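Enquirer: Before I ask anything, let me first share the structure, which is written out below as structure tokens.
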Amino acid sequence: MSKIQSHVFEQVYSIMEESFPLIEYRTFEGQQALLANASYRLLTKENDLGEVIAFLGGWEFDEFCFVEHIAVKPSIRGGGLGKQLMKDFIAQMNKPVVLEVEPPEEEMSQRRIGFYERLGFHLNSYPYVQPPLREGQPDFPLMVMSYPSLLTEEQFQSYRDTLYAEVYQVASK
């Protein structure tokens with residue numbers, strides 16, 4: 001993957017700030033540091049002016065891939081860009097894909113889960129906690145969705161251990 005230009009990363013980070021609560025993404029420097037990690041992937045979609053309007057930040061491991069962030073610029077959501085980015089990522093990686101979602105306790109999280117289900121993801125029922133991405137933040141209870149099928153408990157534990165070690169750089173809980 002080619003090195004990303006700093007103005008492109010700044011546009012990605014701006015969309016990240018508009019799209020996610022603070023607890024769900026790293027500091028600018030922390031997020032930028034991921035670009036040097038050989039397992040990290042960043043896909044972007046640009047408009048006709050070359051401005052980033054959507055991105056997917058993910059990880060490729062030996063057994064599976066992990067979508068850490070996917071977002072479309074708020075002013076143009078609903079046009080299919082997120083769906084296309086996810087389909088492109090799944091096709092390029094050609095291995096199982098997992099992602100984290102908030103439990104389906106409110107309308108927005110239910111809609112988000114539905115979006116992923118329409119793409120072929122399945123909501124796993126195993127308990128899961130996202131370790132903090134920023135110093136001083138608490139653990140964040142989430143759920144894991146997987147593509148193309150539900151995970152066995154053994155797969156889930158193995159994938160979780162990889163995420164904790166590689167993405168969050170913490171020991172398994």
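Letters A, B, ... go to the chains of the structure tokens in the order shown; residues in each chain start at 1; ligands are counted from 1 in the same order.
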With the cut-off set at 12 Å and counting only C-alpha atoms, tabulate each residue of range 30-77 of chain A with an atom at most that distance from an atom of range 113-130 of chain A, showing the nearest atom pair and its distance in Å to one decimal, ordered by chain and increasing number, as JSON lines.
Expert:
{"residue": "A:Val67", "atom": "CA", "partner": "A:Tyr116", "partner_atom": "CA", "distance": 11.5}
{"residue": "A:Glu68", "atom": "CA", "partner": "A:Gln130", "partner_atom": "CA", "distance": 11.0}
{"residue": "A:Ile70", "atom": "CA", "partner": "A:Tyr116", "partner_atom": "CA", "distance": 11.2}
Enquirer: Based on the selection just made, write C-alpha atoms of those residues as an mmCIF file, in the first residue's frame.
Expert:
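Result went into again_20.cif, see below:
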data_model
loop_
_atom_site.group_PDB
_atom_site.id
_atom_site.type_symbol
_atom_site.label_atom_id
_atom_site.label_comp_id
_atom_site.auth_asym_id
_atom_site.auth_seq_id
_atom_site.Cartn_x
_atom_site.Cartn_y
_atom_site.Cartn_z
ATOM 1 C CA VAL A 67 -12.760 -3.138 9.954
ATOM 2 C CA GLU A 68 -11.893 -0.580 12.623
ATOM 3 C CA ILE A 70 -15.782 3.119 8.067
#
Enquirer: What's around Trp59 in chain A at 8 Å? Count only C-alpha atoms, leave out sequence neighbours fewer than 6 positions away in its own chain, and write the answer as a ChimeraX atom specification.
Expert: /A:39-41,65-68
Enquirer: Export, as an mmCIF file, in the first residue's frame, the selected residues with C-alpha atoms.
Expert:
data_model
loop_
_atom_site.group_PDB
_atom_site.id
_atom_site.type_symbol
_atom_site.label_atom_id
_atom_site.label_comp_id
_atom_site.auth_asym_id
_atom_site.auth_seq_id
_atom_site.Cartn_x
_atom_site.Cartn_y
_atom_site.Cartn_z
ATOM 1 C CA SER A 39 -1.167 -4.804 8.872
ATOM 2 C CA TYR A 40 -3.170 -1.562 8.670
ATOM 3 C CA ARG A 41 -5.126 -0.711 5.502
ATOM 4 C CA CYS A 65 -9.536 -8.941 8.622
ATOM 5 C CA PHE A 66 -10.894 -6.294 10.970
ATOM 6 C CA VAL A 67 -12.760 -3.138 9.954
ATOM 7 C CA GLU A 68 -11.893 -0.580 12.623
#
Enquirer: Extract the full set of helix (DSSP H, G or I) residues from range 16-157 of chain A according to DSSP on the backbone, and format it as a ChimeraX atom specification.
Expert: /A:16-19,22-24,28-36,74-76,81-93,107-118,153-157
Enquirer: Name the closest residue to Tyr13 in chain A among the candidates A:Ala71, A:Leu150, A:Ala38, A:Gly50; distances are taken between atoms, counting only C-alpha atoms.
Expert: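 Using only C-alpha atoms, the shortest distance to Tyr13 in chain A belongs to A:Ala71.
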